[in-house]
$ cat input_7.pdb   # PDB, C-alpha atoms, pLDDT in the B column
ATOM      1  CA  MET J   1       0.000   0.000   0.000  1.00 52.00           C
ATOM      2  CA  ASN J   2       1.590   3.245  -1.166  1.00 63.00           C
ATOM      3  CA  THR J   3       0.182   6.255   0.688  1.00 73.00           C
ATOM      4  CA  HIS J   4       1.132   9.886   0.461  1.00 84.00           C
ATOM      5  CA  PRO J   5       3.723  10.799   3.137  1.00 84.00           C
ATOM      6  CA  MET J   6       1.620  13.666   4.526  1.00 89.00           C
ATOM      7  CA  LYS J   7      -1.407  11.394   4.854  1.00 92.00           C
ATOM      8  CA  ALA J   8       0.675   8.817   6.729  1.00 91.00           C
ATOM      9  CA  LEU J   9       2.100  11.561   8.950  1.00 92.00           C
ATOM     10  CA  LEU J  10      -1.361  12.950   9.781  1.00 94.00           C
ATOM     11  CA  ASN J  11      -2.656   9.446  10.434  1.00 94.00           C
ATOM     12  CA  ALA J  12       0.170   8.818  12.913  1.00 94.00           C
ATOM     13  CA  ALA J  13      -0.379  12.256  14.509  1.00 95.00           C
ATOM     14  CA  CYS J  14      -4.080  11.494  14.992  1.00 95.00           C
ATOM     15  CA  ARG J  15      -3.290   8.166  16.667  1.00 95.00           C
ATOM     16  CA  ILE J  16      -0.761   9.835  18.972  1.00 94.00           C
ATOM     17  CA  TYR J  17      -3.273  12.614  19.712  1.00 95.00           C
ATOM     18  CA  ALA J  18      -5.940  10.058  20.653  1.00 95.00           C
ATOM     19  CA  VAL J  19      -3.589   8.279  23.069  1.00 95.00           C
ATOM     20  CA  CYS J  20      -2.370  11.577  24.579  1.00 92.00           C
ATOM     21  CA  THR J  21      -5.954  12.817  24.977  1.00 93.00           C
ATOM     22  CA  ILE J  22      -6.964   9.644  26.810  1.00 93.00           C
ATOM     23  CA  LEU J  23      -3.911   9.947  29.073  1.00 91.00           C
ATOM     24  CA  LEU J  24      -4.663  13.630  29.756  1.00 87.00           C
ATOM     25  CA  CYS J  25      -8.283  12.793  30.615  1.00 88.00           C
ATOM     26  CA  LEU J  26      -7.122  10.079  33.011  1.00 88.00           C
ATOM     27  CA  ILE J  27      -4.670  12.472  34.676  1.00 84.00           C
ATOM     28  CA  ILE J  28      -7.403  15.093  35.032  1.00 83.00           C
ATOM     29  CA  LEU J  29      -9.780  12.515  36.505  1.00 84.00           C
ATOM     30  CA  LEU J  30      -7.180  11.310  38.993  1.00 85.00           C
ATOM     31  CA  PHE J  31      -5.794  14.646  40.161  1.00 82.00           C
ATOM     32  CA  ALA J  32      -8.584  17.216  39.703  1.00 79.00           C
ATOM     33  CA  LYS J  33     -10.210  18.166  42.959  1.00 76.00           C
ATOM     34  CA  ASP J  34     -13.864  19.149  42.569  1.00 73.00           C
ATOM     35  CA  GLU J  35     -13.238  20.874  39.226  1.00 70.00           C
ATOM     36  CA  LEU J  36     -16.131  20.548  36.825  1.00 66.00           C
ATOM     37  CA  VAL J  37     -14.723  22.625  33.976  1.00 70.00           C
ATOM     38  CA  VAL J  38     -11.750  21.429  31.953  1.00 75.00           C
ATOM     39  CA  ALA J  39      -9.753  24.045  30.064  1.00 82.00           C
ATOM     40  CA  PRO J  40      -9.692  23.357  26.312  1.00 87.00           C
ATOM     41  CA  LEU J  41      -6.174  24.744  25.688  1.00 87.00           C
ATOM     42  CA  PRO J  42      -4.258  21.612  26.767  1.00 85.00           C
ATOM     43  CA  PHE J  43      -6.385  19.505  24.423  1.00 89.00           C
ATOM     44  CA  ILE J  44      -5.854  21.947  21.558  1.00 91.00           C
ATOM     45  CA  LEU J  45      -2.090  22.070  22.093  1.00 91.00           C
ATOM     46  CA  LEU J  46      -1.833  18.287  22.174  1.00 92.00           C
ATOM     47  CA  PHE J  47      -2.331  18.052  18.406  1.00 94.00           C
ATOM     48  CA  PRO J  48       0.699  20.159  17.402  1.00 95.00           C
ATOM     49  CA  PHE J  49       2.696  18.140  19.938  1.00 94.00           C
ATOM     50  CA  ALA J  50       1.365  14.899  18.433  1.00 95.00           C
ATOM     51  CA  PHE J  51       2.287  16.158  14.958  1.00 95.00           C
ATOM     52  CA  CYS J  52       5.859  16.947  16.128  1.00 95.00           C
ATOM     53  CA  LEU J  53       6.114  13.502  17.695  1.00 94.00           C
ATOM     54  CA  ALA J  54       4.781  11.760  14.570  1.00 95.00           C
ATOM     55  CA  TRP J  55       7.195  13.703  12.368  1.00 94.00           C
ATOM     56  CA  ALA J  56      10.087  12.880  14.699  1.00 94.00           C
ATOM     57  CA  ASN J  57       9.133   9.198  14.701  1.00 92.00           C
ATOM     58  CA  SER J  58       8.951   9.126  10.900  1.00 92.00           C
ATOM     59  CA  ILE J  59      12.501  10.490  10.814  1.00 91.00           C
ATOM     60  CA  LEU J  60      13.683   8.040  13.480  1.00 87.00           C
ATOM     61  CA  TRP J  61      12.301   4.978  11.686  1.00 87.00           C
ATOM     62  CA  GLY J  62      13.086   6.243   8.182  1.00 85.00           C
ATOM     63  CA  GLU J  63      16.194   5.515   6.166  1.00 84.00           C
ATOM     64  CA  GLN J  64      16.992   9.032   4.882  1.00 86.00           C
ATOM     65  CA  PHE J  65      19.772   9.759   7.385  1.00 86.00           C
ATOM     66  CA  SER J  66      22.402   7.833   9.311  1.00 85.00           C
ATOM     67  CA  GLY J  67      21.539   6.511  12.783  1.00 77.00           C
ATOM     68  CA  GLY J  68      23.133   9.305  14.802  1.00 84.00           C
ATOM     69  CA  ILE J  69      21.526  12.044  12.689  1.00 91.00           C
ATOM     70  CA  ARG J  70      18.112  10.358  13.009  1.00 90.00           C
ATOM     71  CA  PHE J  71      18.381  10.239  16.819  1.00 88.00           C
ATOM     72  CA  LEU J  72      19.568  13.863  16.938  1.00 91.00           C
ATOM     73  CA  LEU J  73      16.707  15.098  14.722  1.00 93.00           C
ATOM     74  CA  HIS J  74      14.242  13.044  16.759  1.00 93.00           C
ATOM     75  CA  PHE J  75      15.561  14.569  19.981  1.00 93.00           C
ATOM     76  CA  LEU J  76      15.345  18.117  18.589  1.00 94.00           C
ATOM     77  CA  LEU J  77      11.789  17.715  17.244  1.00 94.00           C
ATOM     78  CA  VAL J  78      10.437  15.999  20.358  1.00 94.00           C
ATOM     79  CA  THR J  79      12.141  18.521  22.638  1.00 93.00           C
ATOM     80  CA  ALA J  80      10.740  21.424  20.604  1.00 93.00           C
ATOM     81  CA  GLY J  81       7.265  19.873  20.831  1.00 93.00           C
ATOM     82  CA  VAL J  82       7.534  19.330  24.577  1.00 90.00           C
ATOM     83  CA  VAL J  83       8.849  22.844  25.255  1.00 88.00           C
ATOM     84  CA  PHE J  84       6.575  24.827  22.924  1.00 91.00           C
ATOM     85  CA  PHE J  85       3.337  22.858  23.283  1.00 91.00           C
ATOM     86  CA  LEU J  86       3.492  21.367  26.791  1.00 86.00           C
ATOM     87  CA  LEU J  87       5.875  23.191  29.132  1.00 83.00           C
ATOM     88  CA  LEU J  88       5.585  26.833  27.989  1.00 84.00           C
ATOM     89  CA  PRO J  89       1.752  26.959  27.941  1.00 84.00           C
ATOM     90  CA  ALA J  90       1.655  25.283  31.357  1.00 77.00           C
ATOM     91  CA  GLY J  91       3.809  28.065  32.801  1.00 76.00           C
ATOM     92  CA  THR J  92       6.574  25.703  33.809  1.00 73.00           C
ATOM     93  CA  PHE J  93       9.329  28.222  33.133  1.00 77.00           C
ATOM     94  CA  ALA J  94       7.741  30.878  35.348  1.00 78.00           C
ATOM     95  CA  SER J  95       9.513  29.426  38.364  1.00 69.00           C
ATOM     96  CA  GLY J  96      13.104  28.346  37.898  1.00 69.00           C
ATOM     97  CA  ARG J  97      13.148  25.376  40.246  1.00 72.00           C
ATOM     98  CA  SER J  98      10.132  23.568  38.762  1.00 77.00           C
ATOM     99  CA  ALA J  99      11.422  24.190  35.250  1.00 79.00           C
ATOM    100  CA  LEU J 100      14.755  22.610  36.100  1.00 83.00           C
ATOM    101  CA  VAL J 101      13.041  19.594  37.637  1.00 84.00           C
ATOM    102  CA  MET J 102      10.670  19.159  34.677  1.00 83.00           C
ATOM    103  CA  VAL J 103      13.439  19.480  32.080  1.00 85.00           C
ATOM    104  CA  SER J 104      15.657  17.086  34.060  1.00 89.00           C
ATOM    105  CA  ILE J 105      12.879  14.507  34.288  1.00 91.00           C
ATOM    106  CA  TYR J 106      12.164  14.889  30.562  1.00 91.00           C
ATOM    107  CA  LEU J 107      15.840  14.458  29.623  1.00 92.00           C
ATOM    108  CA  LEU J 108      16.212  11.440  31.906  1.00 95.00           C
ATOM    109  CA  LEU J 109      13.105   9.710  30.538  1.00 94.00           C
ATOM    110  CA  TYR J 110      14.035  10.544  26.954  1.00 94.00           C
ATOM    111  CA  GLY J 111      17.578   9.234  27.430  1.00 93.00           C
ATOM    112  CA  ILE J 112      16.393   5.975  28.994  1.00 96.00           C
ATOM    113  CA  LEU J 113      13.750   5.417  26.307  1.00 93.00           C
ATOM    114  CA  MET J 114      16.135   6.135  23.431  1.00 90.00           C
ATOM    115  CA  ALA J 115      18.807   3.879  24.941  1.00 92.00           C
ATOM    116  CA  VAL J 116      16.296   1.030  25.130  1.00 93.00           C
ATOM    117  CA  ILE J 117      15.121   1.682  21.555  1.00 87.00           C
ATOM    118  CA  ALA J 118      18.711   1.794  20.257  1.00 85.00           C
ATOM    119  CA  LEU J 119      19.520  -1.448  22.091  1.00 92.00           C
ATOM    120  CA  VAL J 120      16.459  -3.229  20.695  1.00 92.00           C
ATOM    121  CA  ARG J 121      17.195  -1.976  17.169  1.00 85.00           C
ATOM    122  CA  ARG J 122      20.796  -3.195  17.474  1.00 89.00           C
ATOM    123  CA  MET J 123      19.655  -6.622  18.680  1.00 92.00           C
ATOM    124  CA  ILE J 124      17.156  -6.935  15.811  1.00 91.00           C
ATOM    125  CA  GLN J 125      19.803  -5.888  13.303  1.00 88.00           C
ATOM    126  CA  ARG J 126      22.319  -8.421  14.655  1.00 90.00           C
ATOM    127  CA  SER J 127      19.720 -11.168  14.598  1.00 90.00           C
ATOM    128  CA  LYS J 128      18.935 -10.398  10.937  1.00 87.00           C
ATOM    129  CA  GLU J 129      22.629 -10.438  10.087  1.00 86.00           C
ATOM    130  CA  ALA J 130      23.086 -13.792  11.868  1.00 85.00           C
ATOM    131  CA  LYS J 131      20.213 -15.315   9.871  1.00 84.00           C
ATOM    132  CA  GLU J 132      21.734 -14.136   6.591  1.00 79.00           C
ATOM    133  CA  ILE J 133      25.039 -15.885   7.304  1.00 69.00           C
TER     134      ILE J 133
END

$ encode --input "input_7.pdb" --output "structure tokens"
Amino acid sequence: MNTHPMKALLNAACRIYAVCTILLCLIILLFAKDELVVAPLPFILLFPFAFCLAWANSILWGEQFSGGIRFLLHFLLVTAGVVFFLLLPAGTFASGRSALVMVSIYLLLYGILMAVIALVRRMIQRSKEAKEI
């Protein structure tokens, strides 16, 4: 099946948006205290974030660039999405201490996740090479 790249990118962004929306609703349900009104801005800003994440993932799993460049571009796009569409609108950078904690947690989680993904990709690649021999 040969689909247009923009259609595939939007399809992936919509799936990511759906998952993020469900997670945001669960977080609101768990941590909201007697609040009946939910602000629409976080839900609106989730789609540009989902689009950045889908674009970054298409670069990460694509074959256009070498491995290191793909991980670097993925990091830059995901970080831009997190900063511009999640942290800045939430007012995280208004207080220095919470911003440092949030950015540190983000970098730690991103580093762990990318290390696991790189390890799994390396193991899959080695297993394919072993089968070819």

$ residues_around --input "input_7.pdb" --residues "Ala12 of chain J" --least-positions-apart "6" --cutoff "12 Å" --atoms "all atoms listed in the file" --output "JSON, numbers by chain"
{"J": [5, 6, 18, 19, 47, 49, 50, 51, 52, 53, 54, 55, 56, 57, 58]}

$ residues_around --input "input_7.pdb" --residues "Pro42 of chain J" --least-positions-apart "5" --cutoff "9 Å" --atoms "all atoms listed in the file" --output "PyMOL selection string"
chain J and resi 24+85-86+89-90

$ atom_distance --input "input_7.pdb" --atom1 "atom CA of Leu109 of chain J" --atom2 "atom CA of Leu72 of chain J"
15.6 Å

$ atom_distance --input "input_7.pdb" --atom1 "atom CA of Gln64 of chain J" --atom2 "atom CA of His4 of chain J"
16.5 Å

$ resolve_selection --input "input_7.pdb" --expression "the PyMOL selection byres ((chain J and resi 114-127) around 12)" --output "list of chain:residue names"
J:Asn57, J:Leu60, J:Trp61, J:Gly67, J:Gly68, J:Arg70, J:Phe71, J:Leu72, J:His74, J:Phe75, J:Val78, J:Tyr106, J:Leu107, J:Leu108, J:Leu109, J:Tyr110, J:Gly111, J:Ile112, J:Leu113, J:Lys128, J:Glu129, J:Ala130, J:Lys131, J:Glu132, J:Ile133

$ decode --input "input_7.pdb" --residues "segment 66-122 of chain J" --atoms "C-alpha atoms" --output "mmCIF file, in the first residue's frame"
data_model
loop_
_atom_site.group_PDB
_atom_site.id
_atom_site.type_symbol
_atom_site.label_atom_id
_atom_site.label_comp_id
_atom_site.auth_asym_id
_atom_site.auth_seq_id
_atom_site.Cartn_x
_atom_site.Cartn_y
_atom_site.Cartn_z
ATOM 1 C CA SER J 66 22.402 7.833 9.311
ATOM 2 C CA GLY J 67 21.539 6.511 12.783
ATOM 3 C CA GLY J 68 23.133 9.305 14.802
ATOM 4 C CA ILE J 69 21.526 12.044 12.689
ATOM 5 C CA ARG J 70 18.112 10.358 13.009
ATOM 6 C CA PHE J 71 18.381 10.239 16.819
ATOM 7 C CA LEU J 72 19.568 13.863 16.938
ATOM 8 C CA LEU J 73 16.707 15.098 14.722
ATOM 9 C CA HIS J 74 14.242 13.044 16.759
ATOM 10 C CA PHE J 75 15.561 14.569 19.981
ATOM 11 C CA LEU J 76 15.345 18.117 18.589
ATOM 12 C CA LEU J 77 11.789 17.715 17.244
ATOM 13 C CA VAL J 78 10.437 15.999 20.358
ATOM 14 C CA THR J 79 12.141 18.521 22.638
ATOM 15 C CA ALA J 80 10.740 21.424 20.604
ATOM 16 C CA GLY J 81 7.265 19.873 20.831
ATOM 17 C CA VAL J 82 7.534 19.330 24.577
ATOM 18 C CA VAL J 83 8.849 22.844 25.255
ATOM 19 C CA PHE J 84 6.575 24.827 22.924
ATOM 20 C CA PHE J 85 3.337 22.858 23.283
ATOM 21 C CA LEU J 86 3.492 21.367 26.791
ATOM 22 C CA LEU J 87 5.875 23.191 29.132
ATOM 23 C CA LEU J 88 5.585 26.833 27.989
ATOM 24 C CA PRO J 89 1.752 26.959 27.941
ATOM 25 C CA ALA J 90 1.655 25.283 31.357
ATOM 26 C CA GLY J 91 3.809 28.065 32.801
ATOM 27 C CA THR J 92 6.574 25.703 33.809
ATOM 28 C CA PHE J 93 9.329 28.222 33.133
ATOM 29 C CA ALA J 94 7.741 30.878 35.348
ATOM 30 C CA SER J 95 9.513 29.426 38.364
ATOM 31 C CA GLY J 96 13.104 28.346 37.898
ATOM 32 C CA ARG J 97 13.148 25.376 40.246
ATOM 33 C CA SER J 98 10.132 23.568 38.762
ATOM 34 C CA ALA J 99 11.422 24.190 35.250
ATOM 35 C CA LEU J 100 14.755 22.610 36.100
ATOM 36 C CA VAL J 101 13.041 19.594 37.637
ATOM 37 C CA MET J 102 10.670 19.159 34.677
ATOM 38 C CA VAL J 103 13.439 19.480 32.080
ATOM 39 C CA SER J 104 15.657 17.086 34.060
ATOM 40 C CA ILE J 105 12.879 14.507 34.288
ATOM 41 C CA TYR J 106 12.164 14.889 30.562
ATOM 42 C CA LEU J 107 15.840 14.458 29.623
ATOM 43 C CA LEU J 108 16.212 11.440 31.906
ATOM 44 C CA LEU J 109 13.105 9.710 30.538
ATOM 45 C CA TYR J 110 14.035 10.544 26.954
ATOM 46 C CA GLY J 111 17.578 9.234 27.430
ATOM 47 C CA ILE J 112 16.393 5.975 28.994
ATOM 48 C CA LEU J 113 13.750 5.417 26.307
ATOM 49 C CA MET J 114 16.135 6.135 23.431
ATOM 50 C CA ALA J 115 18.807 3.879 24.941
ATOM 51 C CA VAL J 116 16.296 1.030 25.130
ATOM 52 C CA ILE J 117 15.121 1.682 21.555
ATOM 53 C CA ALA J 118 18.711 1.794 20.257
ATOM 54 C CA LEU J 119 19.520 -1.448 22.091
ATOM 55 C CA VAL J 120 16.459 -3.229 20.695
ATOM 56 C CA ARG J 121 17.195 -1.976 17.169
ATOM 57 C CA ARG J 122 20.796 -3.195 17.474
#
